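**Student:** Starting off with a structure, shown below.
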Amino acid sequence: MPTQRKNSRNTRRRKTPELLFGDLWEFDPAPESADPKLKESYSLYIDGQQSAPKSRKYFESINPGTEKALTRIPAAGKADVNDAFSAATNGLNKYWSKLSGKDRGKYLYRIARLLQDRAREFAVAESLDGGKPIKESRDFDIPMAAAHFFYYAGWADKLEYALPGGSYSPYGVVGQIIPWNFPLLMLAWKIAPALATGNCVVIKPAETTSITALKFAEILQEAELPPGVVNIVSGAGATGQLIVNHPAAKKIAFTGSTDVGKAIMRATAGTGKGLTLELGGKAANIVFEDAPIDQAVEGVINGIFFNQGHVCCAGSRLLIQESIAKTFVQKLKTRIASLRVGNPLDKNTDIGAINSKEQLDKINDLVKSGVKEGAELFQSSCSLPGQGWFFRPSLFDGVTQSHRIAREEIFGPVLSILTFRTVSEAIEKANNTAYGLSAGVWTDKGSKILKMSTALKAGVVWANTYNKFDPTSPFGGYKESGCGREGGKQGICDYLKVEY
Amino acid sequence: MSRIPVTKTPKAYVGGKFIRSESGRVFPLNNKRGQFLCNIPECTRKDTRNAVEVAGKAGGAWASRTSYNRGQILYRLGEMMEARAEELAQAVAITGAVTLAAARREVASTIDRVVYYSGWTDKYEQVLGNTNPVAGPFFNFSVTEPVGVIGVFASDSPSLLGLISQVLPIITSGNSVVALASSTNPYPAVLLGEMLATSDLPGGVLNILTGFRDELLETFASHEHIRGLDLSLDVDGKKQAEILAAESIKRLKVREQENTRYWSSEKAQSVYAIRSFLEFKTTWHPIGV
């Protein structure tokens, strides 16, 4: 018997030759060299003017790849937020509400085009400030942001087709608060539909990633957008609270954590303010035994490691059918070993820097809990840069549903792996979460895809693909992942008050 | 000597059954002159929780029926109400808060509204859903799905038309409902329960409790399995409900406690009322071999 066992082991070894990665050959550095044109210090953008904050407070924006300060960002205080809302109200009454949809659209088209013109500059700024690999900011974030403006520009004079038979009106002035994971793209998701539908905006970028939002103010000036239509106030949570509680804000649109989303819902209770919330997720990415395995491996990798896992719809819970679990996990481990972690500005980088020290601590904490609760940790052995906040691509095998790493959003490059036997078990496990933002399904069988897509309680279902986005495609969650949709025709409806 | 009439014991309608409150409590319903009419069950937190459980179980099967079938069942409800329209009108007018003539008009509008929504079951998807022309080799479509169990506080005035106008758009799309009838005149809602029982609407899809908003607000607004709320409330109630609903991020629609003018108008019926309690699900699939 021992010889037989040895033979089978040999056979297995021959079947799956492994490529060796690691430090055998170094890649030459391939840094993107476009100038991000950063200023030493930024201003708020209120009433069409770059203005110093009345609060006189500034904070530094740190490059997470080097831990060095990039520039100074103003921290908007109460007087600044008040100014922003007065400007927005004025902009609404004096200019924006008097324009036809056609003309609102023209401004949005201008913005889209100007953003395309300066795409590379913005991509470098985004990667410097947020830590994401340049290939993502260059090929995804910035082009997609421009595409959103272009898409919604065309809606501005066609709103009656988005709400057939409905009578509707814009909210007026809306307050918008966006996260740090896709800074400029989230800004586009918020501003483009709001302006297309005739609203004016006070928007706050995330504290750690304000640069591209403040650079975007330059584009608004170049586009000659009427003063007050968009006002950009940077700052931390306190500034966000001022926006949420401001009486002139008739609607709040927020993307961020579920806890803050709940707090905003409580804060706006009884005020009649409209609300769109795009909150956390703990998406199941479900791989059936009849899936195209190699495609699924790529999809799972992209699902969790895209943007360092700083994605609310990340496929952070992998559910694999038991019969293929062993092979699949082995393939994942091999694939992870070839991911390059490092300088966000290097064109060969797959995984960039973790956005902030705070986020890195949170990831570390959750990974420790995973080890402590008994899941099996596997990490790539790749080398990490000496400076900056980085985290090795990681996966946890043998995760159970009660583990914190299966329930809480890690928002980092950490995949939790669970298994299932039957379709109904997969559905039950996938839906066993308070979240419901997204899900993935991998199988070659069409009817199974439709069955899963129907049964999964999630706002976006990716079948045999993952992490795909488009301006025409509505995005948003079920349950505690939020309410409302952004993108597509549905994204128009959520910026209009519909009478019925 | 005239015959002594047999009086009816009003009951709540939960899971297709007629129940008293588990608490055994009742409150008297009096007419405008203060004369006693009947006792109404005063439903509790526990009654609500039971109803939510029943609604949760019934909801999935209701949603998975064909749209055509849901339409026929709601239309059948209209038929049941039409046949007993006069009885409904008497119930609406029972307290004397509205005249019998006004009550008859209200019942007529109510039945028309049932028919209106029965016609939407297999059409709203075609208006609200769509395919999305994404910039890539993918087939991408957005369809709607019901949210789940929805809690309703029915309007006080109109007591029947308000209740039906709030509830019908919700169940049209396959949601199930736990509704609290008007506390100033719950009698038409009690009678509606009796019509639901003969309408082919599966038990548990529409549950009607009787009782008081103040007592049940907290349970409705904080129950995690209630996924959305359509509440007729006063200003303080609205704020409290919204604060509590935040904990599980419920879909919310809050309204005036009374609004006869609004509910009587055509504006009060809309495909966008159906939209309020729908989730949009977008599915992507690559195109290729």
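Every chain in the structure tokens takes a letter, A first, then B, and so on in the order presented; its residues are numbered from 1, and the ligands are numbered from 1 following the presented order.
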For chain B, report every residue with an atom at most 7 Å from chain A (counting only C-alpha atoms), formatted as a PyMOL selection string.
**Tutor:** chain B and resi 132-135+238-239+242-243+246-249+267-270+272-273+279-286
**Student:** Residues within 9 Å of Glu32 in chain A, please, as a PyMOL selection string. Count only C-alpha atoms; anything in the same chain fewer than 3 positions from it doesn't count.
**Tutor:** chain A and resi 35+124+134+345-347
**Student:** Among range 53-222 of chain B, which ones does DSSP assign to strand (DSSP E) (computed from the backbone)? Answer as a list in words.
**Tutor:** Asn130, Thr131, Phe138, Phe139, Asn140, Phe141, Ser142, Val143, Thr144, Glu145, Pro146, Val149, Ile150, Gly151, Val152, Phe153, Ser176, Val177, Val178, Ala179, Leu180, Leu206, Asn207, Ile208 and Leu209 of chain B
**Student:** May I ask which of the residues A:Ser86, A:Ala196, A:Glu26, A:Pro143 is the closest one to Lys102 in chain A, counting only C-alpha atoms?
**Tutor:** A:Ala196
**Student:** Quick one: distance from CA of Val297 in chain A to CA of Glu322 in chain A in Å, one decimal?
**Tutor:**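 Computing it gives 15.4 Å between the two atoms.
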**Student:** List as an mmCIF file with C-alpha atoms, in the first residue's frame the protein and nucleic acid residues near Pro186 in chain B, meaning an atom at most 8 Å away when only C-alpha atoms are counted, but skip any in the same chain fewer than 4 places from it.
**Tutor:**
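result24.cif, freshly written:
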data_model
loop_
_atom_site.group_PDB
_atom_site.id
_atom_site.type_symbol
_atom_site.label_atom_id
_atom_site.label_comp_id
_atom_site.auth_asym_id
_atom_site.auth_seq_id
_atom_site.Cartn_x
_atom_site.Cartn_y
_atom_site.Cartn_z
ATOM 1 C CA ILE B 40 -62.565 45.456 19.444
ATOM 2 C CA SER B 159 -60.624 54.233 7.417
ATOM 3 C CA ALA B 181 -56.345 49.144 11.430
ATOM 4 C CA SER B 182 -57.478 52.655 12.251
ATOM 5 C CA VAL B 190 -62.515 43.819 10.559
ATOM 6 C CA THR B 210 -56.705 46.117 15.765
#
**Student:** Pick out the residues sitting within 8 Å of range 13-19 of chain B, and hand them over as a ChimeraX atom specification; count only C-alpha atoms, and ignore anything fewer than 6 positions along from it in its own chain.
**Tutor:** /B:51,54-55,190,193-194,197,202-209
